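*Asks:* Got a structure for you, work.txt, holding compact mmCIF, C-alpha atoms.
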```txt
# COMPACT_ATOMS: atom_id res chain seq x y z
CA MET A 1 22.30 -26.11 15.32
CA LYS A 2 23.07 -24.01 18.37
CA SER A 3 24.92 -21.44 16.27
CA LEU A 4 21.98 -21.22 13.85
CA TRP A 5 19.68 -20.54 16.77
CA LYS A 6 22.07 -17.84 17.91
CA VAL A 7 21.99 -16.24 14.45
CA PHE A 8 18.21 -16.28 14.59
CA LYS A 9 18.13 -14.74 18.08
CA GLN A 10 20.54 -11.93 17.18
CA GLY A 11 18.00 -10.19 14.97
CA ILE A 12 15.27 -10.06 17.56
CA ILE A 13 16.90 -8.01 20.33
CA PHE A 14 20.69 -7.76 20.27
CA GLU A 15 20.98 -6.78 16.64
CA ASN A 16 17.44 -5.67 16.03
CA PRO A 17 17.52 -4.04 12.59
CA LEU A 18 15.40 -1.07 13.66
CA LEU A 19 16.35 -0.52 17.27
CA MET A 20 20.06 -1.43 17.21
CA LEU A 21 21.29 -1.36 13.61
CA MET A 22 19.01 1.60 12.88
CA ILE A 23 18.33 0.65 9.29
CA GLY A 24 15.03 0.61 7.43
CA LEU A 25 13.62 3.37 9.59
CA CYS A 26 11.69 5.28 6.92
CA SER A 27 9.37 2.41 6.16
CA ALA A 28 8.98 1.65 9.85
CA LEU A 29 7.82 5.17 10.67
CA ALA A 30 5.66 5.52 7.58
CA VAL A 31 3.43 2.47 7.99
CA THR A 32 3.13 2.18 11.77
CA SER A 33 -0.01 4.24 12.23
CA ASN A 34 -2.10 1.09 12.00
CA VAL A 35 -1.47 -2.44 13.34
CA SER A 36 -2.65 -4.27 10.23
CA ASN A 37 -0.26 -2.22 8.11
CA GLY A 38 2.53 -3.13 10.51
CA ILE A 39 1.78 -6.84 10.17
CA GLY A 40 1.53 -6.59 6.38
CA MET A 41 4.77 -4.68 6.00
CA GLY A 42 6.58 -7.00 8.43
CA LEU A 43 5.49 -10.16 6.61
CA ALA A 44 6.20 -8.77 3.15
CA MET A 45 9.65 -7.61 4.26
CA THR A 46 10.51 -10.98 5.85
CA PHE A 47 9.42 -12.77 2.70
CA VAL A 48 11.54 -10.67 0.35
CA LEU A 49 14.50 -10.70 2.75
CA LEU A 50 14.36 -14.51 2.98
CA PHE A 51 14.56 -15.02 -0.76
CA SER A 52 17.08 -12.25 -1.38
CA GLU A 53 19.39 -13.77 1.22
CA ILE A 54 18.96 -17.26 -0.20
CA PHE A 55 19.70 -16.15 -3.76
CA ILE A 56 22.68 -14.01 -2.89
CA SER A 57 24.10 -16.62 -0.58
CA LEU A 58 23.77 -19.18 -3.40
CA PHE A 59 25.49 -16.96 -5.95
CA ARG A 60 28.04 -15.43 -3.58
CA LYS A 61 31.02 -17.18 -5.18
CA LEU A 62 30.02 -15.91 -8.62
CA ILE A 63 29.71 -12.27 -7.59
CA PRO A 64 32.96 -10.30 -7.94
CA ASN A 65 33.66 -8.17 -4.89
CA SER A 66 34.00 -4.82 -6.66
CA VAL A 67 30.66 -4.93 -8.46
CA ARG A 68 28.68 -6.68 -5.73
CA MET A 69 26.39 -3.72 -4.96
CA PRO A 70 24.85 -3.37 -8.43
CA ILE A 71 24.44 -7.13 -8.64
CA PHE A 72 22.67 -7.20 -5.25
CA LEU A 73 20.36 -4.50 -6.54
CA ILE A 74 19.60 -6.43 -9.71
CA ILE A 75 18.79 -9.60 -7.76
CA ILE A 76 16.71 -7.86 -5.09
CA GLY A 77 14.89 -5.68 -7.62
CA ALA A 78 14.15 -8.51 -10.02
CA PHE A 79 13.00 -10.80 -7.25
CA THR A 80 10.75 -8.18 -5.66
CA THR A 81 9.14 -7.34 -8.99
CA ILE A 82 8.49 -11.02 -9.64
CA VAL A 83 6.83 -11.39 -6.25
CA ASP A 84 4.74 -8.30 -6.95
CA LEU A 85 3.61 -9.54 -10.37
CA VAL A 86 2.78 -13.04 -9.17
CA MET A 87 0.80 -11.68 -6.22
CA LYS A 88 -1.14 -9.30 -8.45
CA ALA A 89 -1.98 -12.05 -10.92
CA TYR A 90 -2.90 -14.95 -8.67
CA PHE A 91 -3.51 -13.52 -5.18
CA PRO A 92 -5.36 -10.26 -5.82
CA GLU A 93 -6.72 -10.10 -2.26
CA LEU A 94 -3.29 -10.49 -0.70
CA SER A 95 -1.88 -8.05 -3.20
CA LYS A 96 -4.52 -5.50 -2.28
CA SER A 97 -3.57 -5.52 1.38
CA MET A 98 0.19 -6.01 0.99
CA GLY A 99 0.77 -4.68 -2.51
CA VAL A 100 1.54 -1.12 -1.50
CA PHE A 101 4.45 -2.30 0.64
CA ILE A 102 6.17 -4.39 -1.98
CA PRO A 103 7.63 -1.49 -3.97
CA LEU A 104 8.70 0.08 -0.67
CA ILE A 105 10.67 -3.03 0.20
CA VAL A 106 13.07 -2.65 -2.74
CA VAL A 107 14.42 0.50 -1.13
CA ASN A 108 14.36 -0.94 2.39
CA CYS A 109 17.94 -0.70 3.64
CA ILE A 110 17.51 -3.79 5.85
CA ILE A 111 17.60 -6.02 2.78
CA MET A 112 20.71 -4.36 1.37
CA GLY A 113 22.31 -4.23 4.82
CA ARG A 114 21.76 -7.90 5.64
CA VAL A 115 22.72 -9.10 2.20
CA GLU A 116 25.96 -7.15 2.35
CA ALA A 117 26.81 -7.90 5.97
CA PHE A 118 25.58 -11.46 6.18
CA ALA A 119 24.35 -13.40 3.17
CA TYR A 120 27.33 -12.47 0.99
CA LYS A 121 29.71 -14.11 3.46
CA GLN A 122 27.64 -17.04 4.71
CA LYS A 123 26.22 -20.34 3.57
CA VAL A 124 22.57 -20.67 2.69
CA LEU A 125 21.36 -22.20 5.96
CA PRO A 126 22.64 -19.46 8.29
CA ALA A 127 21.37 -16.89 5.77
CA ILE A 128 17.87 -18.35 6.07
CA PHE A 129 18.01 -18.16 9.86
CA ASP A 130 19.37 -14.62 9.70
CA SER A 131 16.52 -13.50 7.45
CA PHE A 132 13.93 -15.02 9.79
CA GLY A 133 15.55 -13.44 12.85
CA MET A 134 15.84 -10.03 11.20
CA GLY A 135 12.34 -10.32 9.77
CA LEU A 136 10.89 -11.17 13.16
CA GLY A 137 12.90 -8.40 14.81
CA TYR A 138 11.54 -5.94 12.27
CA THR A 139 7.98 -7.21 12.52
CA TRP A 140 7.65 -7.16 16.30
CA VAL A 141 8.92 -3.60 16.49
CA LEU A 142 6.52 -2.50 13.73
CA ILE A 143 3.58 -4.15 15.46
CA GLY A 144 4.62 -2.76 18.83
CA ILE A 145 4.99 0.82 17.59
CA ALA A 146 1.81 0.56 15.52
CA ALA A 147 -0.23 -0.80 18.43
CA PHE A 148 0.98 2.05 20.67
CA ARG A 149 0.30 4.72 18.06
CA GLU A 150 -3.02 3.37 16.86
CA LEU A 151 -4.39 2.82 20.36
CA LEU A 152 -3.55 6.29 21.63
CA GLY A 153 -3.91 8.16 18.35
CA ASN A 154 -7.07 6.59 17.03
CA GLY A 155 -8.55 4.53 19.88
CA THR A 156 -8.52 1.38 17.77
CA LEU A 157 -6.41 -1.75 17.28
CA ALA A 158 -6.17 -3.16 13.74
CA GLY A 159 -9.25 -1.13 12.90
CA ALA A 160 -11.43 -2.40 15.76
CA GLN A 161 -12.60 0.08 18.38
CA VAL A 162 -10.87 -0.67 21.68
CA MET A 163 -11.02 2.51 23.70
CA PRO A 164 -14.41 3.59 25.10
CA ALA A 165 -16.34 5.99 22.89
CA SER A 166 -15.71 8.84 25.33
CA TYR A 167 -11.96 8.59 24.68
CA GLN A 168 -10.69 11.56 22.69
CA PRO A 169 -7.90 10.24 20.39
CA ILE A 170 -4.54 11.99 20.70
CA LEU A 171 -3.96 12.71 17.03
CA PHE A 172 -0.34 13.55 17.73
CA PHE A 173 0.59 9.88 17.87
CA ILE A 174 -0.69 9.14 14.37
CA LEU A 175 1.25 12.06 12.90
CA PRO A 176 4.99 11.77 12.11
CA PRO A 177 6.26 13.56 15.26
CA GLY A 178 4.39 11.06 17.43
CA GLY A 179 6.00 8.28 15.41
CA PHE A 180 9.46 9.59 16.22
CA LEU A 181 8.62 9.89 19.90
CA VAL A 182 7.28 6.33 20.18
CA PHE A 183 10.20 5.06 18.14
CA GLY A 184 12.62 6.73 20.55
CA LEU A 185 10.86 5.11 23.49
CA PHE A 186 11.19 1.71 21.84
CA ILE A 187 14.93 2.24 21.33
CA ALA A 188 15.31 3.15 25.01
CA PHE A 189 13.30 0.10 26.04
CA ASN A 190 15.40 -2.19 23.85
CA ILE A 191 18.67 -0.83 25.27
CA TRP A 192 17.37 -1.34 28.79
CA LEU A 193 16.26 -4.87 27.92
CA LYS A 194 19.60 -5.64 26.34
CA GLY A 195 21.46 -4.39 29.41
CA ARG A 196 19.36 -6.53 31.69
CA MET A 197 19.83 -9.62 29.54
CA ARG A 198 23.60 -9.07 29.45
CA LYS A 199 23.71 -8.71 33.22
CA SER A 200 21.70 -11.85 33.90
CA ALA A 201 23.83 -13.78 31.42
CA ALA A 202 26.99 -12.54 33.15
CA ALA A 203 25.56 -13.43 36.56
CA LYS A 204 24.84 -16.94 35.36
CA GLU A 205 28.41 -17.36 34.16
CA ASN A 206 29.85 -16.18 37.46
CA ALA A 207 27.66 -18.43 39.55
CA MET B 1 41.91 -3.32 -18.17
CA LYS B 2 41.20 -6.97 -18.67
CA GLY B 3 39.89 -7.19 -15.13
CA ASN B 4 37.49 -4.32 -15.71
CA PHE B 5 36.19 -5.96 -18.83
CA ARG B 6 35.54 -9.16 -16.90
CA LEU B 7 33.65 -7.25 -14.18
CA GLY B 8 31.50 -5.56 -16.79
CA LEU B 9 30.78 -8.90 -18.36
CA VAL B 10 29.72 -10.48 -15.07
CA LEU B 11 27.47 -7.50 -14.33
CA ALA B 12 25.97 -7.72 -17.82
CA ILE B 13 25.28 -11.43 -17.39
CA PHE B 14 23.50 -10.85 -14.09
CA ALA B 15 21.48 -8.00 -15.60
CA ALA B 16 20.57 -10.12 -18.61
CA ILE B 17 19.43 -13.02 -16.44
CA GLY B 18 17.44 -10.62 -14.27
CA CYS B 19 15.79 -9.05 -17.33
CA ALA B 20 15.04 -12.39 -18.90
CA SER B 21 13.41 -13.78 -15.78
CA LEU B 22 11.36 -10.59 -15.37
CA ALA B 23 10.26 -10.76 -19.00
CA VAL B 24 9.20 -14.39 -18.63
CA VAL B 25 7.24 -13.75 -15.43
CA TYR B 26 5.67 -10.62 -16.91
CA SER B 27 4.49 -12.38 -20.05
CA ILE B 28 2.99 -15.19 -17.96
CA THR B 29 1.22 -12.92 -15.50
CA GLU B 30 0.24 -10.06 -17.83
CA SER B 31 -3.10 -11.42 -18.98
CA ALA B 32 -4.01 -12.61 -15.48
CA ILE B 33 -3.26 -9.17 -14.02
CA ALA B 34 -5.32 -7.42 -16.69
CA ALA B 35 -8.19 -9.82 -16.06
CA GLN B 36 -7.99 -9.21 -12.31
CA SER B 37 -8.04 -5.44 -12.62
CA GLN B 38 -10.89 -5.61 -15.14
CA LYS B 39 -12.79 -7.85 -12.73
CA ALA B 40 -12.23 -5.42 -9.87
CA LEU B 41 -13.32 -2.50 -12.05
CA ASN B 42 -16.44 -4.31 -13.20
CA ALA B 43 -17.30 -5.16 -9.60
CA SER B 44 -17.04 -1.48 -8.61
CA LEU B 45 -19.09 -0.43 -11.64
CA GLN B 46 -21.73 -2.96 -10.69
CA GLU B 47 -21.80 -1.60 -7.15
CA ILE B 48 -22.42 1.93 -8.38
CA PHE B 49 -25.00 0.87 -10.97
CA PRO B 50 -26.66 -2.26 -9.54
CA ASP B 51 -28.93 -2.63 -12.58
CA ALA B 52 -26.13 -2.41 -15.11
CA ALA B 53 -25.98 -5.11 -17.72
CA SER B 54 -23.32 -3.84 -20.10
CA PHE B 55 -20.54 -1.29 -20.19
CA GLU B 56 -19.55 0.42 -23.39
CA ASP B 57 -16.08 1.96 -23.60
CA ILE B 58 -16.30 5.67 -24.43
CA THR B 59 -12.86 6.62 -23.11
CA SER B 60 -11.83 8.50 -26.25
CA SER B 61 -14.79 10.88 -26.22
CA VAL B 62 -14.62 12.03 -22.59
CA SER B 63 -11.81 14.40 -21.71
CA SER B 64 -10.86 16.36 -18.63
CA ASN B 65 -10.70 20.14 -18.70
CA VAL B 66 -9.54 20.48 -15.10
CA GLN B 67 -5.81 20.75 -14.66
CA GLY B 68 -4.24 17.86 -12.75
CA VAL B 69 -7.17 15.51 -13.23
CA LYS B 70 -6.86 12.84 -15.89
CA PHE B 71 -9.42 10.34 -17.09
CA GLU B 72 -8.14 6.83 -17.61
CA GLN B 73 -11.30 5.18 -18.76
CA ALA B 74 -14.93 6.06 -19.24
CA PHE B 75 -17.89 3.78 -19.68
CA LEU B 76 -21.42 4.17 -20.86
CA VAL B 77 -23.51 2.08 -18.48
CA LYS B 78 -26.63 0.39 -19.80
CA SER B 79 -29.20 -1.90 -18.29
CA ALA B 80 -30.95 -4.46 -20.43
CA GLN B 81 -33.32 -1.85 -21.85
CA ALA B 82 -32.10 1.66 -21.18
CA LEU B 83 -29.15 3.89 -20.57
CA LEU B 84 -28.24 4.30 -16.91
CA GLY B 85 -25.40 6.78 -16.89
CA VAL B 86 -21.69 7.30 -17.36
CA ALA B 87 -18.85 6.06 -15.19
CA VAL B 88 -15.42 7.68 -15.28
CA LYS B 89 -12.18 6.33 -13.85
CA ALA B 90 -10.22 9.44 -12.94
CA THR B 91 -6.83 10.08 -11.40
CA GLY B 92 -5.51 13.19 -9.74
CA SER B 93 -3.00 14.02 -7.07
CA SER B 94 -3.89 13.84 -3.42
CA TYR B 95 -1.88 14.44 -0.25
CA GLY B 96 0.39 11.40 -0.51
CA GLY B 97 0.46 10.73 -4.25
CA PRO B 98 -1.93 9.92 -7.04
CA ALA B 99 -5.49 8.93 -6.23
CA LYS B 100 -7.65 6.82 -8.50
CA LEU B 101 -11.40 7.08 -8.26
CA LEU B 102 -14.39 5.68 -10.06
CA ILE B 103 -17.26 8.13 -10.38
CA GLY B 104 -20.70 7.22 -11.68
CA VAL B 105 -23.13 9.86 -12.92
CA ALA B 106 -26.80 9.07 -13.41
CA LEU B 107 -28.96 10.53 -16.15
CA ASN B 108 -30.61 13.09 -13.88
CA ARG B 109 -27.21 14.74 -13.37
CA SER B 110 -26.69 13.42 -9.90
CA ILE B 111 -23.81 11.28 -8.73
CA ALA B 112 -24.75 7.63 -8.66
CA GLY B 113 -21.78 6.65 -6.58
CA VAL B 114 -18.07 7.10 -5.94
CA ARG B 115 -15.47 4.42 -5.23
CA VAL B 116 -11.90 5.04 -4.18
CA LEU B 117 -9.82 2.56 -6.17
CA GLU B 118 -6.31 3.61 -5.23
CA LEU B 119 -5.02 6.03 -2.64
CA SER B 120 -1.70 6.37 -0.85
CA ASP B 121 -2.26 8.97 1.84
CA THR B 122 -1.42 8.92 5.53
CA ALA B 123 -2.65 5.73 7.13
CA GLY B 124 -5.26 6.48 9.77
CA LEU B 125 -5.98 9.94 8.35
CA GLY B 126 -6.33 10.48 4.61
CA MET B 127 -6.55 6.74 4.01
CA ASN B 128 -9.87 6.81 5.81
CA ALA B 129 -11.34 7.89 2.48
CA LYS B 130 -10.90 4.26 1.47
CA ASN B 131 -11.95 2.76 4.79
CA ALA B 132 -15.44 1.30 4.57
CA ALA B 133 -15.81 1.52 8.34
CA TYR B 134 -14.90 5.19 8.64
CA TYR B 135 -17.96 7.40 8.65
CA VAL B 136 -17.86 11.14 8.08
CA LYS B 137 -21.44 11.24 9.25
CA LYS B 138 -21.41 8.81 12.14
CA ALA B 139 -25.14 8.79 12.88
CA GLU B 140 -26.12 7.88 9.32
CA LYS B 141 -23.07 5.65 8.74
CA ILE B 142 -22.05 7.46 5.59
CA THR B 143 -18.46 7.18 4.39
CA PHE B 144 -16.52 9.96 2.72
CA PRO B 145 -17.07 8.71 -0.86
CA GLY B 146 -20.54 7.56 0.17
CA GLN B 147 -21.71 11.09 0.90
CA PHE B 148 -21.51 11.97 -2.80
CA ALA B 149 -24.15 9.44 -3.82
CA GLY B 150 -27.28 11.26 -4.89
CA LYS B 151 -25.57 14.63 -4.89
CA PHE B 152 -26.60 16.89 -7.76
CA LEU B 153 -24.01 18.52 -9.97
CA THR B 154 -25.57 21.91 -9.32
CA ASP B 155 -24.30 21.68 -5.74
CA PRO B 156 -21.16 23.71 -4.92
CA PHE B 157 -18.94 20.71 -4.02
CA GLU B 158 -17.03 22.62 -1.39
CA VAL B 159 -15.31 20.87 1.48
CA LYS B 160 -16.61 21.92 4.90
CA LYS B 161 -19.72 23.40 3.27
CA ASP B 162 -21.68 20.76 1.43
CA VAL B 163 -18.95 18.10 1.61
CA VAL B 164 -18.02 16.72 5.02
CA ALA B 165 -14.24 16.44 5.36
CA ILE B 166 -12.33 13.55 6.88
CA THR B 167 -11.05 14.63 10.30
CA ALA B 168 -7.56 16.19 10.05
CA SER B 169 -7.36 15.39 6.33
CA THR B 170 -8.59 18.53 4.63
CA ILE B 171 -6.11 18.22 1.76
CA THR B 172 -7.20 14.67 0.95
CA SER B 173 -10.87 15.65 1.21
CA ARG B 174 -10.34 18.66 -1.05
CA SER B 175 -8.31 16.84 -3.71
CA LEU B 176 -10.76 13.96 -3.90
CA THR B 177 -13.67 16.36 -4.16
CA VAL B 178 -11.95 18.17 -7.04
CA ILE B 179 -11.43 14.88 -8.90
CA ILE B 180 -15.03 13.81 -8.31
CA LYS B 181 -16.40 17.16 -9.47
CA ALA B 182 -14.22 17.22 -12.60
CA ALA B 183 -15.17 13.69 -13.61
CA ALA B 184 -18.86 14.22 -12.89
CA ASP B 185 -18.95 17.46 -14.87
CA ALA B 186 -17.28 15.84 -17.86
CA ALA B 187 -19.63 12.86 -17.66
CA ALA B 188 -22.68 15.15 -17.50
CA THR B 189 -21.42 17.18 -20.45
CA TRP B 190 -20.89 14.01 -22.41
CA LEU B 191 -24.42 12.87 -21.59
CA GLU B 192 -25.81 16.23 -22.73
CA THR B 193 -23.99 16.38 -26.04
CA SER B 194 -23.62 12.77 -27.07
CA THR B 195 -26.88 11.11 -26.17
CA THR B 196 -28.54 10.72 -29.52
CA THR B 197 -31.57 8.93 -28.18
CA ALA B 198 -32.32 11.73 -25.76
CA ALA B 199 -36.06 11.27 -25.68
CA GLN B 200 -35.81 7.62 -24.89
CA THR B 201 -33.30 8.06 -22.12
CA GLU B 202 -35.13 10.99 -20.49
CA GLN B 203 -37.88 8.57 -19.58
CA ALA B 204 -35.50 6.16 -17.94
CA ALA B 205 -33.76 8.89 -16.01
CA PRO B 206 -36.05 9.40 -13.02
CA ALA B 207 -36.33 5.69 -12.32
CA SER B 208 -32.64 4.91 -12.35
CA GLY B 209 -31.79 8.15 -10.59
CA ALA B 210 -34.19 7.44 -7.78
CA ALA B 211 -32.93 3.90 -7.37
CA ASP B 212 -29.35 5.00 -6.96
CA THR B 213 -30.08 7.93 -4.70
CA THR B 214 -29.52 6.63 -1.22
CA GLY B 215 -30.15 9.91 0.54
CA GLY B 216 -26.57 11.04 0.81
CA LYS B 217 -27.52 14.66 1.20
```
What would you get if you wrote out this structure as structure tokens?

*Replies:*
Amino acid sequence: MKSLWKVFKQGIIFENPLLMLMIGLCSALAVTSNVSNGIGMGLAMTFVLLFSEIFISLFRKLIPNSVRMPIFLIIIGAFTTIVDLVMKAYFPELSKSMGVFIPLIVVNCIIMGRVEAFAYKQKVLPAIFDSFGMGLGYTWVLIGIAAFRELLGNGTLAGAQVMPASYQPILFFILPPGGFLVFGLFIAFNIWLKGRMRKSAAAKENA
Amino acid sequence: MKGNFRLGLVLAIFAAIGCASLAVVYSITESAIAAQSQKALNASLQEIFPDAASFEDITSSVSSNVQGVKFEQAFLVKSAQALLGVAVKATGSSYGGPAKLLIGVALNRSIAGVRVLELSDTAGLGMNAKNAAYYVKKAEKITFPGQFAGKFLTDPFEVKKDVVAITASTITSRSLTVIIKAAADAAATWLETSTTTAAQTEQAAPASGAADTTGGK
């Protein structure tokens, strides 16, 4: 149980997919101009990652090593399309708000990266915890960056006006260069946080 | 050699299972998806023409003569008694990809309403065309597609002149305006040439036109 918890925790800070592993960046920068988009993308990604990891972990003994990549792609692609179709047919409202992100997820490198590095070598249970940890790590960074950019760049949070009306939005933050800047700041913050956590853990061991 | 053959076989089996499961899910969901999109379209049509009772498909007889703008569907909108206008579902390219709009034209050659159905532009900028809470005219609370309601086709349809642009999204504003203008022109032309019961519909025109005109200008 403790090791599962550790797997889960890894994704949030120490091996954060965006800030440490640096994968899946394109989607992260593209959708983070608005908090609700960040939440939608984060949830949709976690969902697809969870099932991709489960499926590939289940089939891992049947997948020959030298053709694993195309088989991963088939499983991820087929699964994502199924999710997309089912959402469109039975949850049109959900599909309207999250639908645009689903096709983006197929090409999200986090899925491919985690499946290759983790699910292919692990049992189902750790794979589930890994997908939740990675998903949460991805989601909190998206929401964080989006909140920062939306607040300064548009004066709103998830569409609701937060800043006083006299506030002149700094459009720079909504545009791609602002995204890169905020993203860089988040990486710096995460490295600082990681260093601090390491130090306090080491201090605890010494004491 | 034998090993390669086995690898190919395994890959083929996975692909076949993937295809089969997709085909099954697609055949189950196909009708539901079509029904949902039809429902959404009907709801938008009803919003543009509140008095509408029936929609007749006239897709084959309305065609676009503006490059880059395509018409997916066109409907003749009727109330219980009279003709109300023509609605066109048009697609064209915008800043971030294709945009899909529904444009309604009333009989008096004014725009009854515009709805943005699909758009994939920059969130927070171009996407504001789809945001019901983003007003290009803040005092009157008029959205970007909303400003076209009641606009006459004789107007120039030029962004920053008679069309208010979305802040920092001139390309989106321009492309959407081009699509709207193209669809409205085609719809008006269709009304001119194809309305056989012209005398009867002329009478209905001022009433329905006035009802839909919400003072967008």

*Asks:* Between atom CA of A:Thr32 and atom CA of A:Pro126, what is the distance in Å, rounded to a tenth?

*Replies:*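 Taking atom CA of A:Thr32 and atom CA of A:Pro126, their separation equals 29.3 Å.
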
*Asks:* With a cut-off of 8 Å and counting all atoms listed in the file, select all residues of chain A in contact with chain B and give the selection as a ChimeraX atom specification.

*Replies:* /A:31,33-34,63-64,66-67,70-71,74-75,78,81-82,85-86,88-90,92,154,174

*Asks:* Identify the residues within 9 Å of coordinate (-19.2, 9.6, -7.3) (same frame as the file), considering only C-alpha atoms, and give the answer as a short mmCIF file (atom, residue, chain, number, x, y, z; two decimals) with C-alpha atoms, keeping the file's coordinate frame.

*Replies:*
```cif
data_model
loop_
_atom_site.label_atom_id
_atom_site.label_comp_id
_atom_site.auth_asym_id
_atom_site.auth_seq_id
_atom_site.Cartn_x
_atom_site.Cartn_y
_atom_site.Cartn_z
CA ILE B 48 -22.42 1.93 -8.38
CA ALA B 87 -18.85 6.06 -15.19
CA LEU B 101 -11.40 7.08 -8.26
CA LEU B 102 -14.39 5.68 -10.06
CA ILE B 103 -17.26 8.13 -10.38
CA GLY B 104 -20.70 7.22 -11.68
CA VAL B 105 -23.13 9.86 -12.92
CA SER B 110 -26.69 13.42 -9.90
CA ILE B 111 -23.81 11.28 -8.73
CA ALA B 112 -24.75 7.63 -8.66
CA GLY B 113 -21.78 6.65 -6.58
CA VAL B 114 -18.07 7.10 -5.94
CA ARG B 115 -15.47 4.42 -5.23
CA PRO B 145 -17.07 8.71 -0.86
CA GLY B 146 -20.54 7.56 0.17
CA GLN B 147 -21.71 11.09 0.90
CA PHE B 148 -21.51 11.97 -2.80
CA ALA B 149 -24.15 9.44 -3.82
CA GLY B 150 -27.28 11.26 -4.89
CA LYS B 151 -25.57 14.63 -4.89
CA ILE B 180 -15.03 13.81 -8.31
CA LYS B 181 -16.40 17.16 -9.47
CA ALA B 183 -15.17 13.69 -13.61
CA ALA B 184 -18.86 14.22 -12.89
#
```

*Asks:* By how many Å are atom CA of B:Asn65 and atom CA of B:Val86 apart?

*Replies:* 17.0 Å

*Asks:* Name all residues at most 6 Å from stretch 113-120 of chain A (count only C-alpha atoms; drop same-chain ones fewer than 6 positions away) and give them as a list in words.

*Replies:*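 The neighbour list is Glu53, Ser57, Arg60 and Ala127 of chain A.
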
*Asks:* List as number ranges by chain the protein and nucleic acid residues near A:Ala44, meaning an atom at most 10 Å away when all atoms listed in the file are counted, but skip any in the same chain fewer than 5 places from it.

*Replies:* A: 38-39, 49-50, 80, 83, 98-99, 101-102, 104-105, 135, 139

*Asks:* Could those selected residues go to a file with C-alpha atoms, as a PDB file, in the coordinates of the input?

*Replies:*
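And here's result-v8.pdb as it stands now:
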```pdb
ATOM      1  CA  GLY A  38       2.530  -3.130  10.510  1.00  0.00           C
ATOM      2  CA  ILE A  39       1.780  -6.840  10.170  1.00  0.00           C
ATOM      3  CA  LEU A  49      14.500 -10.700   2.750  1.00  0.00           C
ATOM      4  CA  LEU A  50      14.360 -14.510   2.980  1.00  0.00           C
ATOM      5  CA  THR A  80      10.750  -8.180  -5.660  1.00  0.00           C
ATOM      6  CA  VAL A  83       6.830 -11.390  -6.250  1.00  0.00           C
ATOM      7  CA  MET A  98       0.190  -6.010   0.990  1.00  0.00           C
ATOM      8  CA  GLY A  99       0.770  -4.680  -2.510  1.00  0.00           C
ATOM      9  CA  PHE A 101       4.450  -2.300   0.640  1.00  0.00           C
ATOM     10  CA  ILE A 102       6.170  -4.390  -1.980  1.00  0.00           C
ATOM     11  CA  LEU A 104       8.700   0.080  -0.670  1.00  0.00           C
ATOM     12  CA  ILE A 105      10.670  -3.030   0.200  1.00  0.00           C
ATOM     13  CA  GLY A 135      12.340 -10.320   9.770  1.00  0.00           C
ATOM     14  CA  THR A 139       7.980  -7.210  12.520  1.00  0.00           C
TER      15      THR A 139
END
```

*Asks:* So how many Å separate atom CA of B:Asn42 and atom CA of A:Phe91, to one decimal?

*Replies:* 17.8 Å

*Asks:* Could you complete stretch 38-48 of chain B so that it carries N, CA and C atoms, and give it back as a PDB file, keeping the file's coordinate frame?

*Replies:*
```
ATOM      1  N   GLN B  38      -9.613  -5.809 -14.448  1.00  0.00           N
ATOM      2  CA  GLN B  38     -10.890  -5.610 -15.140  1.00  0.00           C
ATOM      3  C   GLN B  38     -12.037  -6.113 -14.268  1.00  0.00           C
ATOM      4  N   LYS B  39     -11.779  -7.260 -13.601  1.00  0.00           N
ATOM      5  CA  LYS B  39     -12.790  -7.850 -12.730  1.00  0.00           C
ATOM      6  C   LYS B  39     -13.110  -6.905 -11.572  1.00  0.00           C
ATOM      7  N   ALA B  40     -12.037  -6.329 -10.987  1.00  0.00           N
ATOM      8  CA  ALA B  40     -12.230  -5.420  -9.870  1.00  0.00           C
ATOM      9  C   ALA B  40     -12.999  -4.181 -10.322  1.00  0.00           C
ATOM     10  N   LEU B  41     -12.655  -3.685 -11.530  1.00  0.00           N
ATOM     11  CA  LEU B  41     -13.320  -2.500 -12.050  1.00  0.00           C
ATOM     12  C   LEU B  41     -14.798  -2.794 -12.308  1.00  0.00           C
ATOM     13  N   ASN B  42     -15.059  -3.941 -12.927  1.00  0.00           N
ATOM     14  CA  ASN B  42     -16.440  -4.310 -13.200  1.00  0.00           C
ATOM     15  C   ASN B  42     -17.244  -4.441 -11.912  1.00  0.00           C
ATOM     16  N   ALA B  43     -16.607  -4.997 -10.870  1.00  0.00           N
ATOM     17  CA  ALA B  43     -17.300  -5.160  -9.600  1.00  0.00           C
ATOM     18  C   ALA B  43     -17.669  -3.795  -9.037  1.00  0.00           C
ATOM     19  N   SER B  44     -16.732  -2.814  -9.123  1.00  0.00           N
ATOM     20  CA  SER B  44     -17.040  -1.480  -8.610  1.00  0.00           C
ATOM     21  C   SER B  44     -18.127  -0.819  -9.445  1.00  0.00           C
ATOM     22  N   LEU B  45     -18.058  -1.007 -10.768  1.00  0.00           N
ATOM     23  CA  LEU B  45     -19.090  -0.430 -11.640  1.00  0.00           C
ATOM     24  C   LEU B  45     -20.460  -0.999 -11.275  1.00  0.00           C
ATOM     25  N   GLN B  46     -20.472  -2.298 -11.020  1.00  0.00           N
ATOM     26  CA  GLN B  46     -21.730  -2.960 -10.690  1.00  0.00           C
ATOM     27  C   GLN B  46     -22.282  -2.458  -9.363  1.00  0.00           C
ATOM     28  N   GLU B  47     -21.356  -2.120  -8.446  1.00  0.00           N
ATOM     29  CA  GLU B  47     -21.800  -1.600  -7.150  1.00  0.00           C
ATOM     30  C   GLU B  47     -22.466  -0.236  -7.314  1.00  0.00           C
ATOM     31  N   ILE B  48     -21.872   0.587  -8.194  1.00  0.00           N
ATOM     32  CA  ILE B  48     -22.420   1.930  -8.380  1.00  0.00           C
ATOM     33  C   ILE B  48     -23.736   1.872  -9.145  1.00  0.00           C
TER      34      ILE B  48
END
```
